[in-house]
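**Q** I'm passing along target09.txt; it holds compact mmCIF, C-alpha atoms.
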```
# COMPACT_ATOMS: atom_id res chain seq x y z
CA MET A 1 -55.91 8.81 23.74
CA SER A 2 -53.10 11.35 23.76
CA GLU A 3 -49.60 10.45 22.70
CA ALA A 4 -46.79 11.08 25.16
CA ILE A 5 -43.41 12.27 23.90
CA ILE A 6 -40.53 10.83 25.87
CA ASP A 7 -37.23 12.71 25.63
CA ILE A 8 -34.37 10.25 26.21
CA PRO A 9 -30.97 11.98 26.53
CA LEU A 10 -28.19 10.40 24.50
CA ASP A 11 -25.08 9.30 26.32
CA PRO A 12 -22.06 10.67 24.41
CA ALA A 13 -20.15 7.51 25.32
CA MET A 14 -22.71 5.47 23.37
CA THR A 15 -22.39 7.47 20.15
CA ALA A 16 -21.61 5.17 17.25
CA THR A 17 -18.15 5.54 15.72
CA ASN A 18 -16.27 3.80 12.96
CA PRO A 19 -13.92 1.16 14.43
CA VAL A 20 -10.97 2.49 12.44
CA GLU A 21 -11.21 6.02 13.90
CA PRO A 22 -8.78 5.39 16.78
CA PHE A 23 -6.09 4.62 14.22
CA LEU A 24 -6.60 7.85 12.26
CA ARG A 25 -6.04 11.54 12.93
CA MET A 26 -9.68 12.45 12.64
CA ASP A 27 -8.93 16.16 13.07
CA ARG A 28 -7.37 16.04 9.60
CA MET A 29 -10.46 14.70 7.90
CA PRO A 30 -11.76 15.00 5.25
CA HIS A 31 -8.73 13.71 3.35
CA ILE A 32 -7.36 15.12 0.11
CA TRP A 33 -7.83 12.07 -2.12
CA CYS A 34 -10.15 12.19 -5.11
CA PRO A 35 -13.57 10.50 -5.04
CA ALA A 36 -13.21 6.76 -5.82
CA CYS A 37 -9.43 6.81 -5.29
CA GLY A 38 -8.40 3.50 -3.73
CA ILE A 39 -5.83 4.82 -1.27
CA GLY A 40 -8.45 5.37 1.44
CA THR A 41 -9.55 1.76 1.05
CA THR A 42 -6.02 0.56 1.71
CA VAL A 43 -5.81 2.78 4.79
CA ASN A 44 -9.02 1.21 6.10
CA CYS A 45 -7.45 -2.23 5.61
CA PHE A 46 -4.28 -1.09 7.37
CA ALA A 47 -6.25 0.23 10.34
CA ARG A 48 -8.12 -3.05 10.65
CA ALA A 49 -4.81 -4.94 10.45
CA LEU A 50 -3.45 -2.81 13.28
CA GLU A 51 -6.57 -3.52 15.31
CA SER A 52 -6.41 -7.28 14.84
CA SER A 53 -2.63 -7.45 15.30
CA LYS A 54 -2.92 -6.28 18.95
CA LEU A 55 0.41 -4.49 18.59
CA ASN A 56 1.43 -1.75 20.98
CA LEU A 57 0.84 1.28 18.76
CA ASP A 58 3.50 3.21 20.66
CA LYS A 59 5.94 0.79 19.04
CA VAL A 60 4.65 1.23 15.47
CA ALA A 61 5.97 3.93 13.14
CA ILE A 62 4.84 4.74 9.60
CA VAL A 63 7.03 6.39 6.96
CA SER A 64 5.82 7.77 3.62
CA GLY A 65 7.49 9.43 0.66
CA ILE A 66 6.04 11.92 -1.79
CA GLY A 67 2.90 11.49 -3.89
CA CYS A 68 -0.77 10.72 -3.33
CA THR A 69 0.02 7.70 -1.17
CA GLY A 70 2.71 9.70 0.61
CA ARG A 71 -0.07 11.54 2.41
CA VAL A 72 -1.01 8.40 4.35
CA ALA A 73 1.53 9.07 7.10
CA GLY A 74 -0.21 12.34 7.88
CA TYR A 75 -3.54 10.60 8.52
CA ALA A 76 -2.30 7.63 10.56
CA ASN A 77 -2.56 8.11 14.32
CA LEU A 78 0.95 6.73 14.84
CA ASP A 79 4.44 8.12 15.03
CA SER A 80 4.44 9.34 11.42
CA PHE A 81 7.15 10.62 9.10
CA HIS A 82 6.47 12.25 5.74
CA THR A 83 9.90 12.17 4.12
CA THR A 84 11.52 13.41 0.92
CA HIS A 85 10.88 11.94 -2.52
CA GLY A 86 12.18 8.39 -2.87
CA ARG A 87 13.80 8.35 0.57
CA ALA A 88 11.12 6.65 2.67
CA ILE A 89 13.02 3.33 2.80
CA PRO A 90 16.42 4.70 3.90
CA PHE A 91 14.64 6.85 6.50
CA ALA A 92 12.75 3.78 7.74
CA THR A 93 16.00 1.79 7.78
CA GLY A 94 17.65 4.34 10.04
CA LEU A 95 14.58 4.42 12.26
CA LYS A 96 14.60 0.64 12.65
CA LEU A 97 18.33 0.39 13.31
CA SER A 98 18.27 3.17 15.89
CA ASN A 99 15.34 1.58 17.72
CA PRO A 100 15.04 -2.15 16.89
CA GLU A 101 11.91 -2.47 19.07
CA LEU A 102 9.91 -0.43 16.58
CA GLN A 103 7.70 -2.00 13.93
CA VAL A 104 8.44 0.26 10.96
CA VAL A 105 6.03 0.42 8.01
CA VAL A 106 6.82 2.20 4.74
CA TYR A 107 3.62 3.26 2.97
CA SER A 108 4.10 4.88 -0.44
CA GLY A 109 3.34 4.72 -4.15
CA ASP A 110 4.83 3.02 -7.18
CA GLY A 111 6.57 6.14 -8.48
CA ASP A 112 8.13 7.09 -5.16
CA LEU A 113 9.30 3.55 -4.34
CA PHE A 114 10.41 2.27 -7.74
CA ALA A 115 11.56 5.30 -9.74
CA ILE A 116 13.53 7.78 -7.64
CA GLY A 117 13.44 5.32 -4.72
CA GLY A 118 14.14 2.13 -6.67
CA ASN A 119 17.78 1.80 -5.67
CA HIS A 120 16.87 2.02 -1.99
CA PHE A 121 14.15 -0.63 -2.45
CA ILE A 122 16.36 -3.30 -3.98
CA HIS A 123 19.17 -2.86 -1.46
CA ALA A 124 16.84 -2.91 1.55
CA ALA A 125 15.36 -6.14 0.19
CA ARG A 126 18.84 -7.53 -0.51
CA ARG A 127 19.87 -6.84 3.07
CA ASN A 128 16.55 -8.18 4.39
CA MET A 129 16.00 -5.12 6.53
CA ASP A 130 13.25 -5.74 9.04
CA ILE A 131 10.78 -3.22 7.60
CA LYS A 132 7.39 -3.61 5.94
CA VAL A 133 6.72 -1.91 2.60
CA ILE A 134 3.17 -1.33 1.36
CA CYS A 135 3.09 -0.01 -2.20
CA VAL A 136 -0.17 1.44 -3.49
CA ASN A 137 0.26 1.00 -7.23
CA ASN A 138 -2.09 3.18 -9.27
CA LEU A 139 0.11 2.68 -12.36
CA THR A 140 0.82 6.39 -12.85
CA TYR A 141 2.24 9.55 -11.32
CA ALA A 142 -1.14 10.68 -10.06
CA MET A 143 -0.28 13.72 -7.97
CA THR A 144 1.67 15.47 -10.74
CA GLY A 145 -0.72 14.97 -13.63
CA GLY A 146 -0.75 11.32 -14.69
CA GLN A 147 2.64 10.80 -16.32
CA THR A 148 4.10 7.41 -17.24
CA GLY A 149 5.73 5.70 -14.26
CA PRO A 150 7.92 2.63 -13.76
CA ALA A 151 4.88 0.37 -13.33
CA THR A 152 2.70 1.79 -16.13
CA PRO A 153 1.74 -1.10 -18.48
CA ALA A 154 2.36 -1.00 -22.22
CA GLU A 155 -0.23 0.70 -24.46
CA VAL A 156 -1.59 2.83 -21.62
CA ILE A 157 -2.32 6.48 -22.45
CA SER A 158 -0.69 8.94 -20.08
CA ALA A 159 0.22 12.64 -19.97
CA THR A 160 3.71 11.85 -21.27
CA SER A 161 2.67 8.99 -23.58
CA PRO A 162 -0.34 10.33 -25.52
CA TYR A 163 0.03 7.59 -28.15
CA GLY A 164 0.52 4.80 -25.63
CA VAL A 165 3.38 3.56 -23.46
CA PHE A 166 5.95 1.59 -25.46
CA GLU A 167 8.47 0.88 -22.69
CA PRO A 168 8.34 -2.34 -20.62
CA SER A 169 7.20 -1.84 -17.05
CA PHE A 170 8.53 -3.24 -13.80
CA ASN A 171 6.89 -6.37 -12.45
CA LEU A 172 7.02 -5.19 -8.83
CA VAL A 173 6.44 -8.54 -7.14
CA GLN A 174 9.10 -10.24 -9.28
CA LEU A 175 11.54 -7.44 -8.53
CA ALA A 176 10.87 -7.74 -4.80
CA GLU A 177 11.43 -11.49 -4.76
CA ALA A 178 14.54 -11.28 -6.93
CA ALA A 179 16.03 -8.60 -4.68
CA GLY A 180 15.59 -10.80 -1.61
CA ALA A 181 12.29 -9.95 0.10
CA SER A 182 11.07 -12.38 2.75
CA TYR A 183 7.38 -11.90 2.00
CA VAL A 184 5.74 -10.84 -1.26
CA ALA A 185 2.02 -10.43 -1.91
CA ARG A 186 -0.24 -8.61 -4.33
CA TRP A 187 -3.88 -7.65 -3.91
CA THR A 188 -6.24 -5.06 -5.35
CA THR A 189 -8.53 -2.64 -3.53
CA TYR A 190 -11.35 -5.05 -4.35
CA HIS A 191 -9.71 -7.73 -2.15
CA VAL A 192 -10.11 -5.89 1.15
CA LYS A 193 -10.32 -8.93 3.45
CA GLN A 194 -7.29 -10.60 1.91
CA LEU A 195 -5.33 -7.35 1.96
CA ALA A 196 -6.06 -6.73 5.65
CA ARG A 197 -4.97 -10.29 6.48
CA SER A 198 -1.72 -9.88 4.55
CA MET A 199 -1.04 -6.60 6.32
CA GLU A 200 -1.57 -8.28 9.68
CA GLU A 201 0.74 -11.14 8.66
CA VAL A 202 3.63 -8.86 7.75
CA LEU A 203 3.25 -6.99 11.04
CA HIS A 204 4.17 -10.27 12.75
CA LYS A 205 6.85 -11.46 10.30
CA LYS A 206 10.55 -10.71 10.49
CA GLY A 207 12.44 -9.43 7.48
CA PHE A 208 11.75 -7.26 4.45
CA CYS A 209 8.07 -7.70 3.57
CA PHE A 210 6.41 -6.27 0.48
CA ILE A 211 2.72 -5.90 -0.39
CA GLU A 212 1.65 -4.42 -3.72
CA VAL A 213 -1.89 -3.05 -3.80
CA LEU A 214 -3.37 -2.23 -7.19
CA SER A 215 -5.55 0.83 -6.79
CA PRO A 216 -7.64 2.88 -9.21
CA CYS A 217 -6.88 6.48 -10.17
CA PRO A 218 -10.21 7.41 -11.78
CA THR A 219 -9.28 11.08 -12.17
CA LEU A 220 -6.31 10.41 -14.46
CA TYR A 221 -5.51 6.77 -15.30
CA GLN A 222 -9.06 5.45 -15.71
CA ARG A 223 -10.36 8.62 -17.42
CA ARG A 224 -7.56 8.85 -19.98
CA ASN A 225 -7.83 5.17 -20.83
CA LYS A 226 -11.64 5.17 -21.00
CA MET A 227 -11.89 2.60 -18.23
CA GLY A 228 -14.83 4.18 -16.41
CA ASP A 229 -15.10 5.37 -12.83
CA GLY A 230 -14.13 3.87 -9.47
CA LEU A 231 -17.01 1.39 -9.48
CA ASP A 232 -16.01 0.23 -12.96
CA ALA A 233 -12.48 -0.30 -11.65
CA MET A 234 -13.81 -2.57 -8.88
CA LYS A 235 -15.79 -4.56 -11.44
CA PHE A 236 -12.67 -4.81 -13.59
CA TYR A 237 -10.56 -6.06 -10.66
CA LYS A 238 -13.22 -8.62 -9.80
CA GLN A 239 -13.45 -9.83 -13.38
CA VAL A 240 -9.77 -10.17 -14.27
CA SER A 241 -8.13 -10.99 -10.93
CA LYS A 242 -7.12 -14.57 -10.25
CA VAL A 243 -5.97 -15.71 -6.82
CA ARG A 244 -2.87 -17.87 -7.28
CA ASN A 245 -1.09 -18.19 -3.95
CA GLY A 246 2.50 -19.25 -4.54
CA ALA A 247 2.41 -18.39 -8.25
CA PRO A 248 5.85 -17.74 -9.80
CA THR A 249 6.27 -13.97 -9.68
CA GLY A 250 7.67 -14.04 -13.20
CA GLU A 251 4.15 -14.93 -14.35
CA CYS A 252 2.62 -11.88 -12.64
CA THR A 253 3.39 -9.17 -15.18
CA LEU A 254 0.64 -6.60 -15.51
CA THR A 255 -0.93 -5.55 -18.80
CA LYS A 256 -3.49 -2.88 -19.58
CA ALA A 257 -6.52 -5.16 -19.63
CA GLY A 258 -5.24 -8.68 -19.02
CA GLU A 259 -5.36 -11.06 -16.06
CA ILE A 260 -4.16 -9.79 -12.68
CA VAL A 261 -2.50 -12.48 -10.58
CA VAL A 262 -3.08 -11.81 -6.88
CA GLY A 263 -2.25 -13.70 -3.72
CA LYS A 264 0.56 -14.45 -1.32
CA LEU A 265 3.23 -15.13 -3.88
CA TRP A 266 6.46 -15.68 -1.97
CA ILE A 267 7.26 -16.34 1.69
CA ALA A 268 10.83 -17.10 2.73
CA THR A 269 11.30 -19.20 5.84
CA ALA A 270 15.06 -19.22 6.44
CA ARG A 271 16.38 -15.74 5.62
CA ILE A 272 18.15 -13.94 8.44
CA THR A 273 17.57 -10.21 8.89
CA TRP A 274 20.35 -7.64 8.57
CA SER A 275 20.14 -6.77 12.27
CA CYS A 276 20.60 -10.42 13.27
CA SER A 277 23.42 -11.05 10.80
CA ILE A 278 25.50 -8.13 12.04
CA THR A 279 25.36 -9.36 15.63
CA ARG A 280 26.28 -12.98 14.92
```
Kindly transcribe the structure held in the file into structure tokens.
**A**
Amino acid sequence: MSEAIIDIPLDPAMTATNPVEPFLRMDRMPHIWCPACGIGTTVNCFARALESSKLNLDKVAIVSGIGCTGRVAGYANLDSFHTTHGRAIPFATGLKLSNPELQVVVYSGDGDLFAIGGNHFIHAARRNMDIKVICVNNLTYAMTGGQTGPATPAEVISATSPYGVFEPSFNLVQLAEAAGASYVARWTTYHVKQLARSMEEVLHKKGFCFIEVLSPCPTLYQRRNKMGDGLDAMKFYKQVSKVRNGAPTGECTLTKAGEIVVGKLWIATARITWSCSITR
């Protein structure tokens, strides 16, 4: 009995695609990030948050500064602004005040937001500007060679601290709460479901919202500190992370190898935004 070969033409409309593709500029792929870098994971979470939020994407703008995470704005299929070093927040503030209907998201790294941009961060939080800040914290200046940054924990080896960091680091979630943020959360790139939910929540919350995302830099941070590759980083996050929703942010200081407190740490219910206060 002979076998018949049936040629079934494929319908291009039925071709399988990743559900996050509509939220990305696919013509710019592949991206520039290193293998096992966690920034792409956070972008996937952000795309899924946009999808589930049902927001009008014509009313969403993303602003990034300089650094590895600063490249996110160039890959998001939104009105995107890649600004100067440390100035993402003041740029986003002007964008929001000039067009209050916009949902403005700042997406940048720990060095950009808390070193050269630190002054802008605390005053935007103090004023409760209605912007959302997502900080991908890889604990180092990754794009420029792995130098010590404002969030680098003590005893970590870096390009500028070959014998170990001796300075105290910023506790970013404590700083955000103390400065006046309306929403403060911390997750790692292991906690993808929780991170996507937090991102969706801030897209629907008024006021200055801050999410810290701990992310591996296997090329520099993990390699120099003999912490393995990207998979080892995920195992480390799983092992040492402890979900403590509502935990005092003062108890959330990061160390080189100690416990990582994650969760929704602070949500204000009665703070008025700057835009509302000026019109009262």
**Q** CA of Thr84 (chain A) and CA of Gly180 (chain A), how far apart in Å?
**A**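 One can read the CA of Gly180 (chain A) to CA of Thr84 (chain A) distance as 24.7 Å.
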**Q** For Asn44 (chain A), which of A:Leu195, A:Ala125, A:Ile66, A:Leu113 is the closest residue, counting only C-alpha atoms?
**A**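 Ranking A:Leu195, A:Ala125, A:Ile66, A:Leu113 by distance to Asn44 (chain A), first place goes to A:Leu195.
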**Q** Name all residues at most 12 Å from Pro168 (chain A) (count all atoms listed in the file; drop same-chain ones fewer than 4 positions away) and give them as a PyMOL selection string.
**A** chain A and resi 148-156+164+253-256
**Q** For those residues, write C-alpha atoms to a file as a short mmCIF file (atom, residue, chain, number, x, y, z; two decimals), keeping the file's coordinate frame.
**A**
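Saved as part_33.cif:
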```cif
data_model
loop_
_atom_site.label_atom_id
_atom_site.label_comp_id
_atom_site.auth_asym_id
_atom_site.auth_seq_id
_atom_site.Cartn_x
_atom_site.Cartn_y
_atom_site.Cartn_z
CA THR A 148 4.10 7.41 -17.24
CA GLY A 149 5.73 5.70 -14.26
CA PRO A 150 7.92 2.63 -13.76
CA ALA A 151 4.88 0.37 -13.33
CA THR A 152 2.70 1.79 -16.13
CA PRO A 153 1.74 -1.10 -18.48
CA ALA A 154 2.36 -1.00 -22.22
CA GLU A 155 -0.23 0.70 -24.46
CA VAL A 156 -1.59 2.83 -21.62
CA GLY A 164 0.52 4.80 -25.63
CA THR A 253 3.39 -9.17 -15.18
CA LEU A 254 0.64 -6.60 -15.51
CA THR A 255 -0.93 -5.55 -18.80
CA LYS A 256 -3.49 -2.88 -19.58
#
```
**Q** Would you give me, as CSV, each residue of region 187-277 of chain A having an atom within 9 Å of an atom of region 53-64 of chain A, along with its shortest atom pair and that distance in Å to one decimal, using all atoms listed in the file and sorting by chain and residue number?
**A**
```
residue,atom,partner,partner_atom,distance
A:Glu200,CA,A:Ser53,CA,5.8
A:Glu201,CA,A:Ser53,CA,8.3
A:Leu203,CA,A:Ser53,CA,7.3
A:His204,CA,A:Ser53,CA,7.8
```
**Q** Would you please work out which residue, of A:Leu50, A:Leu139, A:Val240, A:Val192, is nearest to Leu214 (chain A) when using all atoms listed in the file?
**A** A:Leu139
**Q** Can you list, as a list in words, every protein, DNA or RNA residue that comes within 7 Å of Gly263 (chain A) when you count all atoms listed in the file, leaving out same-chain residues fewer than 5 positions away?
**A**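 So the residues in contact are Ala185, Arg186, Trp187, Val243, Arg244 and Asn245 of chain A.
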**Q** For Gly111 (chain A), find every residue with an atom within 12 Å (counting only C-alpha atoms), except residues of its own chain fewer than 5 positions away, and show them as number ranges by chain.
**A** A: 65-70, 85-87, 116-118, 121, 135-144, 146-152, 169-170, 172
**Q** Mind checking which residues fall within 9 Å of Ile272 (chain A), counting only C-alpha atoms, ignoring those fewer than 5 positions away in the same chain, and posting them as a ChimeraX atom specification?
**A** /A:128,206-207,277
**Q** Choose the residue, out of A:Pro218, A:Pro248, A:Gly109, A:Pro22, that has the smallest atom-to-atom separation from Leu78 (chain A); count all atoms listed in the file.
**A**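 The shortest atom-to-atom distance to Leu78 (chain A) comes from A:Pro22.
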**Q** When distances are computed from only C-alpha atoms, which of A:Ala76, A:Ser198, A:Ala159, A:Glu101 shows the smallest separation from Val133 (chain A)?
**A**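 Closest candidate: A:Ser198.
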**Q** Any idea what the distance is between CA of Ser215 (chain A) and CA of Gly38 (chain A)?
**A**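 Separation between CA of Ser215 (chain A) and CA of Gly38 (chain A): 5.0 Å.
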**Q** Of the residues A:Ala233, A:Val104, A:Cys34, A:Ala270, which is the one nearest to Ala181 (chain A), using all atoms listed in the file?
**A**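 Smallest distance to Ala181 (chain A) is found for A:Ala270.
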**Q** Which of these residues is nearest to Phe91 (chain A), using only C-alpha atoms: A:Cys209, A:His120, A:Gly258, A:Val173?
**A**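 Ranked by minimum distance to Phe91 (chain A), first place goes to A:His120.
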**Q** Which value, in Å to one decimal, gives the distance between CA of Val72 (chain A) and CA of Met227 (chain A)?
**A**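 Between these atoms lies a distance of 25.7 Å.
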**Q** Residues at most 6 Å from region 182-184 of chain A, counting all atoms listed in the file, excluding those fewer than 2 positions away in the same chain, as a PDB file with C-alpha atoms, in the frame of the given file?
**A**
```pdb
ATOM      1  CA  GLY A 207      12.440  -9.430   7.480  1.00  0.00           C
ATOM      2  CA  PHE A 208      11.750  -7.260   4.450  1.00  0.00           C
ATOM      3  CA  CYS A 209       8.070  -7.700   3.570  1.00  0.00           C
ATOM      4  CA  PHE A 210       6.410  -6.270   0.480  1.00  0.00           C
ATOM      5  CA  ILE A 211       2.720  -5.900  -0.390  1.00  0.00           C
ATOM      6  CA  LEU A 265       3.230 -15.130  -3.880  1.00  0.00           C
ATOM      7  CA  TRP A 266       6.460 -15.680  -1.970  1.00  0.00           C
ATOM      8  CA  ILE A 267       7.260 -16.340   1.690  1.00  0.00           C
ATOM      9  CA  ALA A 268      10.830 -17.100   2.730  1.00  0.00           C
TER      10      ALA A 268
END
```
